[in-house]
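What follows is a short report on a single structure.
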Amino acid sequence: MVKKINTCSSLYTPKVLATFRNPHNYGRLKNASGIGKIGNPVCGDVMWLYIKVAQNKKKEDFIKDIKFETFGCVAAISTSSIITDLVKGKTIKKASKITKDNVVKALGGLPKIKYHCSILAVDALDKAIKDYNAKKTKN
Amino acid sequence: MKRIYFDYAATTPVDSRVVKVMVPFLSESFGNTMSLHSFGQEAKLVLENSRQVLADLINAKPNEIIFTGSATESNNMALKGIAMNMPKGRKAYHIIISSIEHACVVETAKFLSRGFEVTKIPVDKYGVVNPKDIERAIKTETILVSVIHASNEIGTVQSIVEIGRICRERKVYFHTDASQTLGKIPIDVKEMNIDLLTGSSHKMYGPKGAGLLYIREGIKLVPLLHGGGQENGLRSSTVNVPAIVGFAKAAEICKKEMIADARRLRKLRDKLIKNTLKIKGSYLNGHPKNRLPNNANFRFDHIEGEALIMRLDMEGIECSTGSACSSFKLEPSHVLLATGLKTEQAHGSLRVSLGRFTTEKDINKLIKILPKVVEDIRRISPYGKKD
């Protein structure tokens, strides 16, 4: 049964609240190809993003799996979840082009004061990809 | 879904008995207290009766009660009114407040710090102001001490009698913001040596839009609002009779029921505290004993307060938090920080405030849901897990 969500809708969009209530792809990814850790507990938002990269038929790197762990508010958790949805299955090239506006749009909007959470999500992804690239060059 | 309200410290519903007495003053008896005709005089009479009821609640005289529009206004009036009444051209006068005041006192003191020296007295880990610290901070320039009677956030009740005694001895005015205590725990302004006291209607089952400032007889202060000279010239504005009538009825009910109410709420609150502290990584904020009968304030490791509030809201439970993420300034509660909590600890706070209409069933539901919600949020968090 889907519970009716009728809360605080003046603050957050229904999409944000639904995502917050049932976040996708949370947890830790074992043997991640790249990890992006961003934020700090003092400011109240911490996001850890794990990506598993594989090659598709065209021999392009793509995000085969992605998971997040987040300490933070409703906006932080829902932006984490939505960015995993946005990039899962996408090539690294395409995933790198995700912007905070894509994140905000996918959530149907965010309060202005919470925009920094969407930046955090994009930065975490960026860091995870960079981490993957660094490891790749090393090997 | 039935919604359970646990935010009585933010505001209370108007008691139906209060609503009943207010209604005629919205339409039939709508007079302006300043009018000389019968409509006006009827309103004036009911205003003065209301003043008597509020005075009785705190053992004051009716002429010592000024009605205002809110506790914020009363606090502004107490601080600015005393400060502005000091003779000009002398060296800077000194005002003392505690470090856990409500924003309306903090911000007023900040405003006054342009021309006045302001000292903030620290609190201990339970949020208690040591009266001796007040005594040490008082100097010849000190004109006013303002300490909140009980914290709206962590519920800690201060040693008002002792602070009042010190201020009286040192001939310094003593103001207390009693927004959270008026009608909840007994207040006697004479016994407690209080010179100025702020009270709020909507925190005690009266309507919003009414507050009071008790000003001990003989104390002069400058009004904030100038105009027609209502409230003995101290608060010009057409008198909000319906709200004040409601405020008075609420006071009358509180006077009769507060002891029994407090006893009942204390029992429910203690049950909540006992059970909540069984959750791993949970702590009580505020004083374990000297706290408002209706206040519980917790914090949880690896939990951000706004997420907790919203998850509880989805379960039909309405609480509050001091987390930065829930504030418009993105700063955590200054009260929690003043008790020595680190910023990241202050983020994980949950305030549960009970009230007249809270039942044991409500408490049981919260006790049942809270551990599950905490667990849910922790599962998403990167912290507190084994690698």
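Following the order of the structure tokens, chains are lettered A, B, ..., residues in each are numbered from 1, and ligands are numbered from 1.
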
Quick one: which chain A residues come within 7 Å of chain B, and what is the nearest atom pair for each with the distance in Å to one decimal, counting only C-alpha atoms, rows ordered by chain and ascending number, as JSON lines?
```
{"residue": "A:Ile5", "atom": "CA", "partner": "B:Met314", "partner_atom": "CA", "distance": 6.7}
{"residue": "A:Thr7", "atom": "CA", "partner": "B:Met314", "partner_atom": "CA", "distance": 6.6}
{"residue": "A:Tyr26", "atom": "CA", "partner": "B:Ile380", "partner_atom": "CA", "distance": 6.0}
{"residue": "A:Gly27", "atom": "CA", "partner": "B:Ile380", "partner_atom": "CA", "distance": 6.3}
{"residue": "A:Pro41", "atom": "CA", "partner": "B:Glu344", "partner_atom": "CA", "distance": 5.4}
{"residue": "A:Val42", "atom": "CA", "partner": "B:Glu344", "partner_atom": "CA", "distance": 4.9}
{"residue": "A:Gly44", "atom": "CA", "partner": "B:Glu344", "partner_atom": "CA", "distance": 6.5}
{"residue": "A:Trp48", "atom": "CA", "partner": "B:Pro382", "partner_atom": "CA", "distance": 6.9}
{"residue": "A:Glu69", "atom": "CA", "partner": "B:Pro382", "partner_atom": "CA", "distance": 4.9}
{"residue": "A:Thr70", "atom": "CA", "partner": "B:Ser381", "partner_atom": "CA", "distance": 4.7}
{"residue": "A:Phe71", "atom": "CA", "partner": "B:Ser381", "partner_atom": "CA", "distance": 4.7}
{"residue": "A:Gly72", "atom": "CA", "partner": "B:Glu304", "partner_atom": "CA", "distance": 5.2}
{"residue": "A:Cys73", "atom": "CA", "partner": "B:Ala307", "partner_atom": "CA", "distance": 4.7}
{"residue": "A:Val74", "atom": "CA", "partner": "B:Ala307", "partner_atom": "CA", "distance": 5.0}
```

Got time to write the residues from that selection, C-alpha atoms, as a CSV table (one decimal), in the first residue's frame?
```csv
chain,number,residue,atom,x,y,z
A,5,ILE,CA,2.2,11.8,1.5
A,7,THR,CA,3.4,16.7,4.4
A,26,TYR,CA,21.6,3.5,-0.8
A,27,GLY,CA,24.3,1.5,0.9
A,41,PRO,CA,29.4,16.7,9.5
A,42,VAL,CA,29.8,20.2,10.8
A,44,GLY,CA,25.4,18.9,8.2
A,48,TRP,CA,29.6,9.2,-0.1
A,69,GLU,CA,25.6,6.9,1.8
A,70,THR,CA,24.4,10.2,3.1
A,71,PHE,CA,24.2,12.0,6.4
A,72,GLY,CA,22.0,15.0,6.0
A,73,CYS,CA,18.7,16.5,5.6
A,74,VAL,CA,15.7,15.7,3.3
```

Helix (DSSP H, G or I) residues, from DSSP on the backbone, in segment 17-108 of chain A, as a PyMOL selection string = chain A and resi 17-21+74-87+92-95+100-106

Could you write out that same residue set with N, CA and C atoms as a PDB file, in the first residue's frame?
```
ATOM      1  N   LEU A  17       9.906  14.506  -1.504  1.00  0.00           N
ATOM      2  CA  LEU A  17       9.454  13.758  -0.328  1.00  0.00           C
ATOM      3  C   LEU A  17       9.356  12.259  -0.611  1.00  0.00           C
ATOM      4  N   ALA A  18       8.885  11.930  -1.802  1.00  0.00           N
ATOM      5  CA  ALA A  18       8.768  10.513  -2.163  1.00  0.00           C
ATOM      6  C   ALA A  18      10.153   9.876  -2.249  1.00  0.00           C
ATOM      7  N   THR A  19      11.104  10.618  -2.822  1.00  0.00           N
ATOM      8  CA  THR A  19      12.476  10.123  -2.945  1.00  0.00           C
ATOM      9  C   THR A  19      13.114   9.967  -1.570  1.00  0.00           C
ATOM     10  N   PHE A  20      12.848  10.945  -0.722  1.00  0.00           N
ATOM     11  CA  PHE A  20      13.385  10.892   0.646  1.00  0.00           C
ATOM     12  C   PHE A  20      12.819   9.679   1.385  1.00  0.00           C
ATOM     13  N   ARG A  21      11.550   9.429   1.173  1.00  0.00           N
ATOM     14  CA  ARG A  21      10.902   8.323   1.879  1.00  0.00           C
ATOM     15  C   ARG A  21      11.407   6.963   1.377  1.00  0.00           C
ATOM     16  N   VAL A  74      16.628  16.184   4.365  1.00  0.00           N
ATOM     17  CA  VAL A  74      15.749  15.652   3.328  1.00  0.00           C
ATOM     18  C   VAL A  74      16.316  15.944   1.935  1.00  0.00           C
ATOM     19  N   ALA A  75      16.763  17.163   1.733  1.00  0.00           N
ATOM     20  CA  ALA A  75      17.284  17.557   0.421  1.00  0.00           C
ATOM     21  C   ALA A  75      18.556  16.793   0.093  1.00  0.00           C
ATOM     22  N   ALA A  76      19.418  16.623   1.071  1.00  0.00           N
ATOM     23  CA  ALA A  76      20.674  15.908   0.843  1.00  0.00           C
ATOM     24  C   ALA A  76      20.406  14.452   0.467  1.00  0.00           C
ATOM     25  N   ILE A  77      19.484  13.833   1.167  1.00  0.00           N
ATOM     26  CA  ILE A  77      19.187  12.423   0.899  1.00  0.00           C
ATOM     27  C   ILE A  77      18.490  12.265  -0.455  1.00  0.00           C
ATOM     28  N   SER A  78      17.553  13.150  -0.750  1.00  0.00           N
ATOM     29  CA  SER A  78      16.844  12.983  -2.025  1.00  0.00           C
ATOM     30  C   SER A  78      17.720  13.346  -3.227  1.00  0.00           C
ATOM     31  N   THR A  79      18.625  14.320  -3.080  1.00  0.00           N
ATOM     32  CA  THR A  79      19.520  14.615  -4.207  1.00  0.00           C
ATOM     33  C   THR A  79      20.497  13.454  -4.428  1.00  0.00           C
ATOM     34  N   SER A  80      20.926  12.825  -3.316  1.00  0.00           N
ATOM     35  CA  SER A  80      21.820  11.663  -3.452  1.00  0.00           C
ATOM     36  C   SER A  80      21.132  10.565  -4.243  1.00  0.00           C
ATOM     37  N   SER A  81      19.899  10.302  -3.855  1.00  0.00           N
ATOM     38  CA  SER A  81      19.161   9.214  -4.501  1.00  0.00           C
ATOM     39  C   SER A  81      18.923   9.524  -5.978  1.00  0.00           C
ATOM     40  N   ILE A  82      18.529  10.752  -6.261  1.00  0.00           N
ATOM     41  CA  ILE A  82      18.148  11.089  -7.635  1.00  0.00           C
ATOM     42  C   ILE A  82      19.358  11.060  -8.561  1.00  0.00           C
ATOM     43  N   ILE A  83      20.523  11.440  -8.034  1.00  0.00           N
ATOM     44  CA  ILE A  83      21.696  11.446  -8.925  1.00  0.00           C
ATOM     45  C   ILE A  83      22.097  10.008  -9.275  1.00  0.00           C
ATOM     46  N   THR A  84      21.846   9.084  -8.352  1.00  0.00           N
ATOM     47  CA  THR A  84      22.145   7.683  -8.690  1.00  0.00           C
ATOM     48  C   THR A  84      21.208   7.211  -9.800  1.00  0.00           C
ATOM     49  N   ASP A  85      19.949   7.631  -9.733  1.00  0.00           N
ATOM     50  CA  ASP A  85      18.986   7.285 -10.791  1.00  0.00           C
ATOM     51  C   ASP A  85      19.392   7.904 -12.127  1.00  0.00           C
ATOM     52  N   LEU A  86      19.855   9.147 -12.053  1.00  0.00           N
ATOM     53  CA  LEU A  86      20.189   9.880 -13.281  1.00  0.00           C
ATOM     54  C   LEU A  86      21.370   9.283 -14.033  1.00  0.00           C
ATOM     55  N   VAL A  87      22.342   8.722 -13.311  1.00  0.00           N
ATOM     56  CA  VAL A  87      23.572   8.300 -13.998  1.00  0.00           C
ATOM     57  C   VAL A  87      23.732   6.786 -14.121  1.00  0.00           C
ATOM     58  N   ILE A  92      30.428   7.144 -18.621  1.00  0.00           N
ATOM     59  CA  ILE A  92      31.138   8.121 -17.782  1.00  0.00           C
ATOM     60  C   ILE A  92      31.072   9.500 -18.439  1.00  0.00           C
ATOM     61  N   LYS A  93      31.211   9.485 -19.758  1.00  0.00           N
ATOM     62  CA  LYS A  93      31.198  10.736 -20.504  1.00  0.00           C
ATOM     63  C   LYS A  93      29.879  11.491 -20.290  1.00  0.00           C
ATOM     64  N   LYS A  94      28.789  10.740 -20.411  1.00  0.00           N
ATOM     65  CA  LYS A  94      27.475  11.359 -20.226  1.00  0.00           C
ATOM     66  C   LYS A  94      27.235  11.750 -18.767  1.00  0.00           C
ATOM     67  N   ALA A  95      27.667  10.877 -17.885  1.00  0.00           N
ATOM     68  CA  ALA A  95      27.444  11.127 -16.447  1.00  0.00           C
ATOM     69  C   ALA A  95      28.162  12.397 -15.995  1.00  0.00           C
ATOM     70  N   LYS A 100      23.873  20.485 -11.588  1.00  0.00           N
ATOM     71  CA  LYS A 100      22.970  20.649 -10.448  1.00  0.00           C
ATOM     72  C   LYS A 100      21.547  20.961 -10.928  1.00  0.00           C
ATOM     73  N   ASP A 101      21.449  21.631 -12.060  1.00  0.00           N
ATOM     74  CA  ASP A 101      20.124  21.951 -12.590  1.00  0.00           C
ATOM     75  C   ASP A 101      19.372  20.689 -12.999  1.00  0.00           C
ATOM     76  N   ASN A 102      20.106  19.699 -13.560  1.00  0.00           N
ATOM     77  CA  ASN A 102      19.481  18.412 -13.878  1.00  0.00           C
ATOM     78  C   ASN A 102      18.920  17.764 -12.614  1.00  0.00           C
ATOM     79  N   VAL A 103      19.716  17.844 -11.555  1.00  0.00           N
ATOM     80  CA  VAL A 103      19.322  17.235 -10.276  1.00  0.00           C
ATOM     81  C   VAL A 103      18.074  17.925  -9.732  1.00  0.00           C
ATOM     82  N   VAL A 104      18.112  19.251  -9.715  1.00  0.00           N
ATOM     83  CA  VAL A 104      16.984  20.023  -9.184  1.00  0.00           C
ATOM     84  C   VAL A 104      15.728  19.755 -10.016  1.00  0.00           C
ATOM     85  N   LYS A 105      15.910  19.713 -11.324  1.00  0.00           N
ATOM     86  CA  LYS A 105      14.773  19.498 -12.218  1.00  0.00           C
ATOM     87  C   LYS A 105      14.152  18.117 -12.001  1.00  0.00           C
ATOM     88  N   ALA A 106      15.022  17.130 -11.865  1.00  0.00           N
ATOM     89  CA  ALA A 106      14.539  15.753 -11.672  1.00  0.00           C
ATOM     90  C   ALA A 106      13.728  15.622 -10.386  1.00  0.00           C
TER      91      ALA A 106
END
```

I want to know what sits within 10 Å of Ile134 of chain B, based on only C-alpha atoms, with residues of the same chain fewer than 6 positions away left out; could you give that as a compact mmCIF listing (two decimals) with N, CA and C atoms, in the first residue's frame?
```txt
# COMPACT_ATOMS: atom_id res chain seq x y z
N ILE B 96 22.82 42.34 30.80
CA ILE B 96 23.25 40.94 30.90
C ILE B 96 22.12 40.03 30.44
N ILE B 97 22.45 39.11 29.55
CA ILE B 97 21.47 38.09 29.17
C ILE B 97 22.16 36.72 29.28
N SER B 98 21.38 35.67 29.24
CA SER B 98 21.99 34.34 29.24
C SER B 98 22.30 33.95 27.80
N THR B 119 26.55 41.53 27.93
CA THR B 119 27.29 40.34 28.35
C THR B 119 26.36 39.14 28.27
N LYS B 120 26.87 38.05 27.67
CA LYS B 120 26.11 36.81 27.65
C LYS B 120 26.69 35.85 28.66
N ILE B 121 25.85 35.38 29.57
CA ILE B 121 26.31 34.46 30.60
C ILE B 121 26.23 33.03 30.07
N PRO B 122 27.33 32.28 30.18
CA PRO B 122 27.29 30.90 29.68
C PRO B 122 26.43 30.00 30.55
N VAL B 145 19.13 42.62 33.82
CA VAL B 145 19.50 41.22 33.60
C VAL B 145 18.27 40.54 33.03
N VAL B 147 16.97 36.74 31.91
CA VAL B 147 17.22 35.30 31.83
C VAL B 147 15.90 34.59 31.59
N ILE B 163 18.39 34.29 41.07
CA ILE B 163 18.85 35.35 40.17
C ILE B 163 18.13 36.65 40.50
N ILE B 166 19.54 38.24 43.68
CA ILE B 166 20.83 38.90 43.42
C ILE B 166 20.58 40.27 42.75
N CYS B 167 19.73 40.28 41.74
CA CYS B 167 19.46 41.53 41.02
C CYS B 167 18.83 42.58 41.94
```

Skipping near chain neighbours, those fewer than 6 positions away, what residues fall within 12 Å of segment 157-162 of chain B using only C-alpha atoms, listed as a compact mmCIF listing (two decimals) with N, CA and C atoms, in the first residue's frame?
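Output saved as around.txt:
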```txt
# COMPACT_ATOMS: atom_id res chain seq x y z
N SER B 98 21.38 35.67 29.24
CA SER B 98 21.99 34.34 29.24
C SER B 98 22.30 33.95 27.80
N ILE B 100 21.29 31.32 26.40
CA ILE B 100 20.26 30.43 25.83
C ILE B 100 18.91 31.14 25.72
N GLU B 101 18.95 32.44 25.53
CA GLU B 101 17.70 33.19 25.36
C GLU B 101 17.05 32.85 24.02
N VAL B 123 26.16 28.82 30.05
CA VAL B 123 25.39 27.82 30.82
C VAL B 123 26.23 26.55 30.94
N ASP B 124 25.84 25.67 31.85
CA ASP B 124 26.55 24.39 31.95
C ASP B 124 25.97 23.41 30.93
N TYR B 126 23.85 21.23 31.11
CA TYR B 126 22.41 21.01 31.18
C TYR B 126 21.61 22.26 30.80
N GLY B 127 22.35 23.31 30.46
CA GLY B 127 21.67 24.57 30.11
C GLY B 127 21.32 25.42 31.32
N VAL B 128 22.00 25.17 32.45
CA VAL B 128 21.70 25.92 33.67
C VAL B 128 22.61 27.15 33.78
N VAL B 129 21.99 28.29 34.08
CA VAL B 129 22.75 29.51 34.36
C VAL B 129 23.10 29.48 35.84
N ASN B 130 24.36 29.64 36.15
CA ASN B 130 24.78 29.71 37.54
C ASN B 130 24.54 31.15 38.05
N PRO B 131 23.65 31.32 39.05
CA PRO B 131 23.36 32.68 39.53
C PRO B 131 24.62 33.43 39.96
N LYS B 132 25.61 32.68 40.42
CA LYS B 132 26.87 33.34 40.84
C LYS B 132 27.56 34.01 39.65
N ASP B 133 27.41 33.43 38.47
CA ASP B 133 27.97 34.04 37.26
C ASP B 133 27.30 35.38 36.97
N ILE B 134 26.00 35.45 37.24
CA ILE B 134 25.27 36.70 37.06
C ILE B 134 25.81 37.72 38.06
N GLU B 135 25.96 37.27 39.30
CA GLU B 135 26.43 38.16 40.36
C GLU B 135 27.80 38.74 40.00
N VAL B 145 19.13 42.62 33.82
CA VAL B 145 19.50 41.22 33.60
C VAL B 145 18.27 40.54 33.03
N SER B 146 18.46 39.79 31.95
CA SER B 146 17.33 39.06 31.37
C SER B 146 17.71 37.59 31.20
N VAL B 147 16.97 36.74 31.91
CA VAL B 147 17.22 35.30 31.83
C VAL B 147 15.90 34.59 31.59
N ILE B 148 15.88 33.73 30.60
CA ILE B 148 14.66 33.00 30.25
C ILE B 148 14.29 32.06 31.40
N HIS B 149 13.00 32.04 31.76
CA HIS B 149 12.56 31.22 32.90
C HIS B 149 12.82 29.74 32.62
N ALA B 150 12.32 29.28 31.48
CA ALA B 150 12.62 27.90 31.07
C ALA B 150 12.89 27.92 29.57
N SER B 151 13.87 27.14 29.17
CA SER B 151 14.26 27.14 27.76
C SER B 151 13.18 26.55 26.88
N ARG B 168 17.91 42.13 42.77
CA ARG B 168 17.25 43.06 43.69
C ARG B 168 18.29 43.67 44.64
N GLU B 169 19.17 42.82 45.16
CA GLU B 169 20.22 43.28 46.08
C GLU B 169 21.13 44.30 45.41
N PHE B 174 15.45 42.99 36.85
CA PHE B 174 15.50 41.60 36.42
C PHE B 174 14.28 41.27 35.58
N HIS B 175 14.54 40.90 34.34
CA HIS B 175 13.46 40.50 33.42
C HIS B 175 13.57 39.02 33.14
N THR B 176 12.44 38.34 33.08
CA THR B 176 12.47 36.94 32.65
C THR B 176 11.42 36.70 31.57
N ASP B 177 11.84 35.95 30.58
CA ASP B 177 10.93 35.55 29.50
C ASP B 177 10.26 34.25 29.96
N ALA B 178 8.99 34.38 30.32
CA ALA B 178 8.26 33.22 30.86
C ALA B 178 7.29 32.65 29.84
N GLN B 180 7.39 30.09 28.06
CA GLN B 180 7.17 28.64 28.16
C GLN B 180 6.64 28.20 29.51
N THR B 181 6.66 29.10 30.49
CA THR B 181 6.29 28.67 31.85
C THR B 181 4.95 29.22 32.32
N LYS B 184 2.03 27.07 32.99
CA LYS B 184 2.50 25.67 33.00
C LYS B 184 3.06 25.30 34.37
N ILE B 185 3.83 26.23 34.95
CA ILE B 185 4.32 26.02 36.31
C ILE B 185 4.02 27.30 37.09
N ILE B 187 4.00 30.70 38.99
CA ILE B 187 4.87 31.88 39.00
C ILE B 187 4.30 32.89 39.99
N ASP B 188 5.19 33.38 40.86
CA ASP B 188 4.81 34.42 41.81
C ASP B 188 5.87 35.51 41.69
N VAL B 189 5.50 36.61 41.04
CA VAL B 189 6.52 37.64 40.75
C VAL B 189 7.09 38.27 42.02
N LYS B 190 6.30 38.27 43.08
CA LYS B 190 6.79 38.86 44.33
C LYS B 190 7.82 37.92 44.96
N GLU B 191 7.41 36.65 45.11
CA GLU B 191 8.31 35.69 45.74
C GLU B 191 9.59 35.49 44.92
N MET B 192 9.46 35.60 43.60
CA MET B 192 10.59 35.31 42.73
C MET B 192 11.42 36.54 42.41
N ASN B 193 11.09 37.66 43.03
CA ASN B 193 11.86 38.91 42.84
C ASN B 193 11.96 39.32 41.37
N ILE B 194 10.85 39.20 40.66
CA ILE B 194 10.86 39.54 39.24
C ILE B 194 10.39 40.98 39.03
N ASP B 195 11.13 41.73 38.24
CA ASP B 195 10.75 43.12 37.94
C ASP B 195 9.95 43.21 36.66
N LEU B 197 8.31 40.63 33.41
CA LEU B 197 8.07 39.25 32.98
C LEU B 197 7.26 39.24 31.70
N GLY B 286 19.38 18.98 27.88
CA GLY B 286 18.71 19.71 28.95
C GLY B 286 18.88 19.00 30.28
N HIS B 287 18.32 19.61 31.32
CA HIS B 287 18.51 19.07 32.67
C HIS B 287 17.63 17.84 32.90
N PRO B 288 18.22 16.77 33.53
CA PRO B 288 17.41 15.57 33.74
C PRO B 288 16.21 15.80 34.67
N LYS B 289 16.34 16.71 35.62
CA LYS B 289 15.22 16.92 36.56
C LYS B 289 14.57 18.31 36.43
N ASN B 290 15.41 19.36 36.49
CA ASN B 290 14.86 20.71 36.45
C ASN B 290 14.50 21.12 35.04
N ARG B 291 13.40 20.54 34.56
CA ARG B 291 12.98 20.88 33.21
C ARG B 291 11.46 21.01 33.17
N LEU B 292 11.00 21.67 32.13
CA LEU B 292 9.56 21.85 31.94
C LEU B 292 8.88 20.49 31.95
N PRO B 293 7.70 20.40 32.58
CA PRO B 293 7.03 19.10 32.66
C PRO B 293 6.70 18.52 31.28
N ASN B 294 6.60 19.39 30.29
CA ASN B 294 6.14 18.92 28.97
C ASN B 294 7.24 18.82 27.93
N ASN B 295 8.50 18.99 28.36
CA ASN B 295 9.59 19.03 27.37
C ASN B 295 10.52 17.82 27.45
```

Secondary structure check, strand (DSSP E or B) residues of segment 87-256 of chain B, as a PyMOL selection string | chain B and resi 94-98+117-121+142-146+150+156-157+173-177+196-200+211-215

Please list as an mmCIF file with C-alpha atoms, in the first residue's frame every residue within 9 Å of Ala109 of chain B, counting only C-alpha atoms and excluding residues in the same chain fewer than 2 positions away.
```cif
data_model
loop_
_atom_site.group_PDB
_atom_site.id
_atom_site.type_symbol
_atom_site.label_atom_id
_atom_site.label_comp_id
_atom_site.auth_asym_id
_atom_site.auth_seq_id
_atom_site.Cartn_x
_atom_site.Cartn_y
_atom_site.Cartn_z
ATOM 1 C CA ASN B 76 11.617 43.882 22.896
ATOM 2 C CA LEU B 79 14.946 45.394 26.936
ATOM 3 C CA LYS B 80 14.590 48.449 24.718
ATOM 4 C CA ILE B 95 22.883 44.596 29.937
ATOM 5 C CA ILE B 96 23.250 40.941 30.903
ATOM 6 C CA ILE B 97 21.471 38.086 29.173
ATOM 7 C CA CYS B 104 13.822 37.761 20.241
ATOM 8 C CA VAL B 105 15.961 38.533 23.296
ATOM 9 C CA VAL B 106 19.241 37.652 21.563
ATOM 10 C CA GLU B 107 18.448 39.870 18.585
ATOM 11 C CA PHE B 111 20.462 45.622 18.356
ATOM 12 C CA LEU B 112 21.096 47.413 21.639
ATOM 13 C CA SER B 113 24.796 46.539 21.597
ATOM 14 C CA PHE B 116 25.029 49.405 25.262
ATOM 15 C CA VAL B 118 25.969 43.327 26.415
#
```

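One distance worth recording is that between atom CA of Val222 of chain B and atom CA of Pro242 of chain B, which is 26.2 Å.
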
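Neighbours of Tyr50 of chain A closer than or equal to 7 Å, with only C-alpha atoms counted and sequence neighbours fewer than 2 positions away skipped, come out as Leu29, Ala32, Gly34, Ile35, Gly36, Trp48, Lys52, Ile66, Lys67, Phe68 and Ala128 of chain A.
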
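If you look at atom CA of Asp131 of chain A and atom CA of Ile38 of chain A, they are 12.4 Å away from each other.
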